[in-house]
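In what follows, a structure is listed as structure tokens, so that the remarks can point back to it.
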Amino acid sequence: MNIVKLVSLPFRYRPWQPRHARLIAADIFRPATVEQRAHKVHLQGAIDWLCRAQDVRDGKDDQGGVSAGWSFEDGWLPGYPETTGYIIETFLAAAEILQRPELVGRARRMIDWELSIQLPDGAFPGHFGEAGSRPVIFNTGQIMHGLIAGHIQLGQEECLKAAVRAGHWLRQQQDDNGCWRKFEHNNIPHVYNTRATWALLATGLLAGDKDLIETARRNLEWALCQQTVSGWYHTNAFEQGCSPYTHTIAYAIRGFLESGQLLDEERYLHSALKAGRAMGNVQREDGWLAGTYKDGWVADAGYCCLTGLAQMSLNWLRLAQITGDDSFRSHAQAGLAYIKAIQKLDDPDDAVRGGIAGSFPIWGDYSRFEYPNWAAKFFSDALMMDMTDTAVPPVPLVVSAQ
């Protein structure tokens with residue numbers, strides 16, 4: 001962290017405020033052992049937090065969307081189209097597992113909001129969806145996950161039509177070598193776009209659209225070339241010259257894993273398996289993973305990216321389901337236990353209770369001093385997958401494209 005950023009932190013985040021100081025102190029003085037409860041209790045807490053994150057947008061232009069989260073700097077943030085998109089599938093799964101049918105209605109409201117903001121060319125606005133916000137490849141792909149859930153699980157035909165339109169926008173932006181540079185974060189390609197490619201591929205298979213399937217294959221082939229001997233991925237950080245967060249590494253792994261399943265393509269599954277096994281090898285016994293890793297799986301951060309740890313827990317569960325190797329479950333369960341010990345289920349603050357911070361300690365570099373909605377989403381998904389030994393979202397029943 002440079003000196004300018006270090007000096008600016010107190011002014012941006014106001015750690016002296018009692019509300020903020022209490023949370024900082026909680027991470028400094030966290031007891032060595034914390035009582036954990038059953039998965040279902042932790043899941044209820046996370047889903048309730050996500051419901052509050054949706055409710056804070058009631059009566060606003062982004063009504064139906066889920067707030068991006070709560071932060072020291074800005075309090076509750078606006079609705080976030082990207083992550084609202086994939087929270088749809090989380091609420092549909094939780095509605096069944098927790099026997100809470102009202103969550104289906106909440107998912108429908110999310111879908112309605114997403115459909116209302118789709119642009120004429122098929123893309124979705126980036127950032128918080130404000131007027132004039134630039135579309136982003138990854139964000140559009142994540143919204144497509146929610147549209148697929150709306151089509152498959154709720155029977156909403158307009159969702160598949162919207163996903164196809166979005167898919168063709170992605171196809172039109174793709175470079176000849178299969179990566180994306182236009183409409184990209186920092187105008188550079190990213191391997192973690194494989195998670196958007198997964199949605200693009202599923203859309204193509206569901207719609208019988210060979211152009212979308214071929215676009216997805218081209219991106220997967222480009223991304224495969226970025227994997228090193230150790231299993232790590234080049235070109236996978238938000239910025240050039242930086243180590244990727246565990247969060248983006250996990251995105252890349254899930255994209256390869258699920259695309260490989262849909263296509264019955266061993267090379268993509270092997271890529272996910274190689275990276276997933278390597279991350280298991282560097283996981284601490286208490287479940288901790290570093291916030292960032294360099295090639296060779298050298299940790300270069302002293303904090304834990306809780307979001308990425310939740311994602312890796314569900315990746316390991318999926319690898320166990322697909323390969324039958326139960327050693328992956330041990331990694332997942334250790335990761336979940338680590339996060340469960342940090343989640344505050346009884347906190348009096350509605351912005352904190354049941355949520356998951358971006359990092360532990362809360363001042364770690366990833367989503368510093370923030371409770372992002374996607375951390376709660378992925379934690380919920382991983383808990384449900386461990387509870388039921390199923391995939392979240394369900395694997396669509398589509399014909400593999402050979």
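Going through the structure tokens in order, the chains are called A, B, and so on, while each chain numbers its residues from 1 and the ligands are numbered from 1 in the order shown.
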
Pull the strand (DSSP E or B) assignments for region 24-265 of chain A out of DSSP run on the backbone, and list those residues as a ChimeraX atom specification.
/A:67,69-71,75-76,79,174,180,227,233,245

Near Ala252 (chain A), within 7 Å and counting only C-alpha atoms, which residues show up once chain neighbours fewer than 5 positions away are dropped, as a list in words?
Val191, Tyr192, Asn193, Thr194 and Arg195 of chain A

Would you output that residue set with N, CA and C atoms, as a short mmCIF file (atom, residue, chain, number, x, y, z; two decimals), in the first residue's frame?
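The file below, out-v9.cif, is the result:
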```cif
data_model
loop_
_atom_site.label_atom_id
_atom_site.label_comp_id
_atom_site.auth_asym_id
_atom_site.auth_seq_id
_atom_site.Cartn_x
_atom_site.Cartn_y
_atom_site.Cartn_z
N VAL A 191 -8.92 -13.92 -17.58
CA VAL A 191 -9.29 -15.34 -17.61
C VAL A 191 -10.56 -15.59 -16.80
N TYR A 192 -10.80 -14.78 -15.77
CA TYR A 192 -11.99 -15.03 -14.94
C TYR A 192 -13.29 -14.85 -15.72
N ASN A 193 -13.20 -14.34 -16.94
CA ASN A 193 -14.40 -14.27 -17.78
C ASN A 193 -14.96 -15.65 -18.11
N THR A 194 -14.22 -16.72 -17.79
CA THR A 194 -14.78 -18.06 -18.03
C THR A 194 -16.09 -18.25 -17.27
N ARG A 195 -16.28 -17.50 -16.18
CA ARG A 195 -17.55 -17.63 -15.47
C ARG A 195 -18.69 -17.01 -16.28
#
```

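Comparing the minimum interatomic distances between Leu273 (chain A) and each of A:Gln343, A:Ser230, A:Asn236, A:Asn187, counting only C-alpha atoms, we find that A:Ser230 sits nearest.
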
Just list the residues in region 113-301 of chain A DSSP gives helix (DSSP H, G or I) on the backbone, as a ChimeraX atom specification.
/A:113-117,137-154,157-173,185-187,191-207,210-224,246-263,266-282

Quick one: residues within 6 Å of Ile356 (chain A), only C-alpha atoms counted, chain neighbours fewer than 3 positions away excluded, as a list in words?
Gln343, Tyr371, Ala375 and Ala376 of chain A

Restricting the output to C-alpha atoms, write the selected residues as an mmCIF file, in the first residue's frame.
```cif
data_model
loop_
_atom_site.group_PDB
_atom_site.id
_atom_site.type_symbol
_atom_site.label_atom_id
_atom_site.label_comp_id
_atom_site.auth_asym_id
_atom_site.auth_seq_id
_atom_site.Cartn_x
_atom_site.Cartn_y
_atom_site.Cartn_z
ATOM 1 C CA GLN A 343 -19.940 -14.536 10.476
ATOM 2 C CA TYR A 371 -19.815 -6.411 3.377
ATOM 3 C CA ALA A 375 -19.692 -12.819 -0.330
ATOM 4 C CA ALA A 376 -23.011 -13.733 1.314
#
```

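Using only C-alpha atoms for every distance, the candidate list A:Gln153, A:Asn281, A:Thr90, A:Thr292 yields A:Asn281 as the residue closest to Phe328 (chain A).
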
Give me, as a list in words, all polymer residues having an atom no more than 9 Å from region 238-243 of chain A, counting only C-alpha atoms and skipping those fewer than 2 positions away in the same chain.
His185, Asn186, Ile188, His190, Thr235, Asn236, Tyr245, Thr248, Thr292, Tyr293, Lys294, Asp295 and Asp300 of chain A

What's the 7 Å shell around region 303-312 of chain A, counting only C-alpha atoms, without same-chain residues fewer than 2 positions away, as a VMD selection string?
chain A and resid 246 to 247 250 288 to 291 301 314 to 316 335 to 336 339 357 to 361 364 366 375 378 to 379 382

For the residues in the current selection, export N, CA and C atoms as a PDB file, in the first residue's frame.
```pdb
ATOM      1  N   THR A 246      -7.867 -14.462  -4.704  1.00  0.00           N
ATOM      2  CA  THR A 246      -8.475 -15.790  -4.623  1.00  0.00           C
ATOM      3  C   THR A 246      -9.865 -15.768  -5.258  1.00  0.00           C
ATOM      4  N   HIS A 247     -10.532 -14.647  -5.144  1.00  0.00           N
ATOM      5  CA  HIS A 247     -11.860 -14.431  -5.731  1.00  0.00           C
ATOM      6  C   HIS A 247     -11.858 -14.651  -7.240  1.00  0.00           C
ATOM      7  N   ALA A 250     -10.941 -18.272  -8.240  1.00  0.00           N
ATOM      8  CA  ALA A 250     -12.095 -19.164  -8.067  1.00  0.00           C
ATOM      9  C   ALA A 250     -13.121 -18.976  -9.182  1.00  0.00           C
ATOM     10  N   TRP A 288      -8.035 -21.445   6.171  1.00  0.00           N
ATOM     11  CA  TRP A 288      -7.630 -20.143   5.619  1.00  0.00           C
ATOM     12  C   TRP A 288      -6.951 -20.285   4.261  1.00  0.00           C
ATOM     13  N   LEU A 289      -7.271 -19.345   3.368  1.00  0.00           N
ATOM     14  CA  LEU A 289      -6.515 -19.139   2.132  1.00  0.00           C
ATOM     15  C   LEU A 289      -6.062 -17.689   2.092  1.00  0.00           C
ATOM     16  N   ALA A 290      -4.936 -17.429   1.461  1.00  0.00           N
ATOM     17  CA  ALA A 290      -4.457 -16.050   1.315  1.00  0.00           C
ATOM     18  C   ALA A 290      -5.365 -15.268   0.379  1.00  0.00           C
ATOM     19  N   GLY A 291      -5.307 -13.959   0.483  1.00  0.00           N
ATOM     20  CA  GLY A 291      -6.125 -13.109  -0.372  1.00  0.00           C
ATOM     21  C   GLY A 291      -5.677 -13.103  -1.813  1.00  0.00           C
ATOM     22  N   ALA A 301      -0.248 -12.209   0.333  1.00  0.00           N
ATOM     23  CA  ALA A 301      -1.156 -11.385   1.131  1.00  0.00           C
ATOM     24  C   ALA A 301      -1.314 -12.046   2.491  1.00  0.00           C
ATOM     25  N   LEU A 314     -17.157 -23.938  -2.556  1.00  0.00           N
ATOM     26  CA  LEU A 314     -18.156 -24.543  -3.455  1.00  0.00           C
ATOM     27  C   LEU A 314     -17.484 -25.194  -4.664  1.00  0.00           C
ATOM     28  N   ASN A 315     -16.341 -24.644  -5.112  1.00  0.00           N
ATOM     29  CA  ASN A 315     -15.604 -25.303  -6.196  1.00  0.00           C
ATOM     30  C   ASN A 315     -15.133 -26.687  -5.770  1.00  0.00           C
ATOM     31  N   TRP A 316     -14.613 -26.783  -4.551  1.00  0.00           N
ATOM     32  CA  TRP A 316     -14.152 -28.090  -4.063  1.00  0.00           C
ATOM     33  C   TRP A 316     -15.323 -29.067  -3.929  1.00  0.00           C
ATOM     34  N   GLY A 335     -12.896 -24.690   4.851  1.00  0.00           N
ATOM     35  CA  GLY A 335     -13.130 -23.312   4.441  1.00  0.00           C
ATOM     36  C   GLY A 335     -14.420 -22.758   5.014  1.00  0.00           C
ATOM     37  N   LEU A 336     -15.480 -23.551   4.964  1.00  0.00           N
ATOM     38  CA  LEU A 336     -16.762 -23.107   5.505  1.00  0.00           C
ATOM     39  C   LEU A 336     -16.693 -22.899   7.015  1.00  0.00           C
ATOM     40  N   ILE A 339     -15.159 -19.513   7.737  1.00  0.00           N
ATOM     41  CA  ILE A 339     -16.066 -18.383   7.511  1.00  0.00           C
ATOM     42  C   ILE A 339     -17.171 -18.365   8.559  1.00  0.00           C
ATOM     43  N   ALA A 357     -18.015 -10.226   5.459  1.00  0.00           N
ATOM     44  CA  ALA A 357     -17.111  -9.163   5.013  1.00  0.00           C
ATOM     45  C   ALA A 357     -16.310  -9.639   3.804  1.00  0.00           C
ATOM     46  N   GLY A 358     -15.790  -8.688   3.044  1.00  0.00           N
ATOM     47  CA  GLY A 358     -14.982  -9.063   1.888  1.00  0.00           C
ATOM     48  C   GLY A 358     -13.690  -9.746   2.299  1.00  0.00           C
ATOM     49  N   SER A 359     -13.093  -9.269   3.395  1.00  0.00           N
ATOM     50  CA  SER A 359     -11.809  -9.793   3.864  1.00  0.00           C
ATOM     51  C   SER A 359     -11.838 -10.028   5.366  1.00  0.00           C
ATOM     52  N   PHE A 360     -10.944 -10.880   5.822  1.00  0.00           N
ATOM     53  CA  PHE A 360     -10.656 -10.984   7.250  1.00  0.00           C
ATOM     54  C   PHE A 360      -9.151 -10.882   7.423  1.00  0.00           C
ATOM     55  N   PRO A 361      -8.681  -9.909   8.232  1.00  0.00           N
ATOM     56  CA  PRO A 361      -9.487  -8.913   8.928  1.00  0.00           C
ATOM     57  C   PRO A 361     -10.164  -7.953   7.956  1.00  0.00           C
ATOM     58  N   GLY A 364      -8.498  -5.919   5.163  1.00  0.00           N
ATOM     59  CA  GLY A 364      -7.762  -6.535   4.066  1.00  0.00           C
ATOM     60  C   GLY A 364      -8.053  -5.853   2.740  1.00  0.00           C
ATOM     61  N   TYR A 366      -9.101  -6.775  -0.182  1.00  0.00           N
ATOM     62  CA  TYR A 366     -10.272  -7.100  -0.997  1.00  0.00           C
ATOM     63  C   TYR A 366     -11.543  -6.572  -0.332  1.00  0.00           C
ATOM     64  N   ALA A 375     -20.299 -11.953  -1.346  1.00  0.00           N
ATOM     65  CA  ALA A 375     -19.692 -12.819  -0.330  1.00  0.00           C
ATOM     66  C   ALA A 375     -20.772 -13.650   0.351  1.00  0.00           C
ATOM     67  N   PHE A 378     -22.103 -16.405  -2.229  1.00  0.00           N
ATOM     68  CA  PHE A 378     -21.284 -17.596  -2.439  1.00  0.00           C
ATOM     69  C   PHE A 378     -21.192 -18.449  -1.170  1.00  0.00           C
ATOM     70  N   PHE A 379     -21.185 -17.796  -0.014  1.00  0.00           N
ATOM     71  CA  PHE A 379     -21.214 -18.543   1.243  1.00  0.00           C
ATOM     72  C   PHE A 379     -22.506 -19.354   1.336  1.00  0.00           C
ATOM     73  N   ALA A 382     -22.376 -22.353  -1.053  1.00  0.00           N
ATOM     74  CA  ALA A 382     -21.504 -23.426  -0.573  1.00  0.00           C
ATOM     75  C   ALA A 382     -22.158 -24.184   0.577  1.00  0.00           C
TER      76      ALA A 382
END
```

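Between CA of Ser313 (chain A) and CA of Glu258 (chain A) there is a distance of 15.0 Å.
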
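Considering only C-alpha atoms, the residue among A:Glu221, A:Leu201, A:Asp347, A:Trp363 positioned nearest to Pro10 (chain A) is A:Trp363.
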
Contacts of Cys179 (chain A) at 9 Å (only C-alpha atoms; same-chain gap of 5+ positions) as a PyMOL selection string
chain A and resi 174+189-191+193+218-220+222-223

Keeping N, CA and C atoms for every residue in the selection just given, could you write it to a file as a short mmCIF file (atom, residue, chain, number, x, y, z; two decimals), in the first residue's frame?
```
data_model
loop_
_atom_site.label_atom_id
_atom_site.label_comp_id
_atom_site.auth_asym_id
_atom_site.auth_seq_id
_atom_site.Cartn_x
_atom_site.Cartn_y
_atom_site.Cartn_z
N GLN A 174 -16.12 -10.04 -29.10
CA GLN A 174 -14.99 -10.94 -28.90
C GLN A 174 -13.87 -10.71 -29.90
N PRO A 189 -7.76 -8.12 -21.13
CA PRO A 189 -8.51 -9.38 -21.05
C PRO A 189 -8.35 -10.03 -19.68
N HIS A 190 -9.28 -10.90 -19.33
CA HIS A 190 -9.25 -11.57 -18.03
C HIS A 190 -9.70 -13.02 -18.17
N VAL A 191 -8.92 -13.92 -17.58
CA VAL A 191 -9.29 -15.34 -17.61
C VAL A 191 -10.56 -15.59 -16.80
N ASN A 193 -13.20 -14.34 -16.94
CA ASN A 193 -14.40 -14.27 -17.78
C ASN A 193 -14.96 -15.65 -18.11
N ARG A 218 -14.30 -20.58 -28.10
CA ARG A 218 -13.13 -19.78 -28.42
C ARG A 218 -12.54 -19.13 -27.17
N ASN A 219 -13.41 -18.62 -26.30
CA ASN A 219 -12.90 -18.01 -25.07
C ASN A 219 -12.25 -19.04 -24.17
N LEU A 220 -12.84 -20.20 -24.03
CA LEU A 220 -12.27 -21.25 -23.19
C LEU A 220 -10.91 -21.69 -23.70
N TRP A 222 -8.79 -19.83 -25.44
CA TRP A 222 -7.83 -18.76 -25.12
C TRP A 222 -7.44 -18.83 -23.64
N ALA A 223 -8.44 -18.97 -22.77
CA ALA A 223 -8.19 -18.99 -21.33
C ALA A 223 -7.32 -20.18 -20.93
#
```
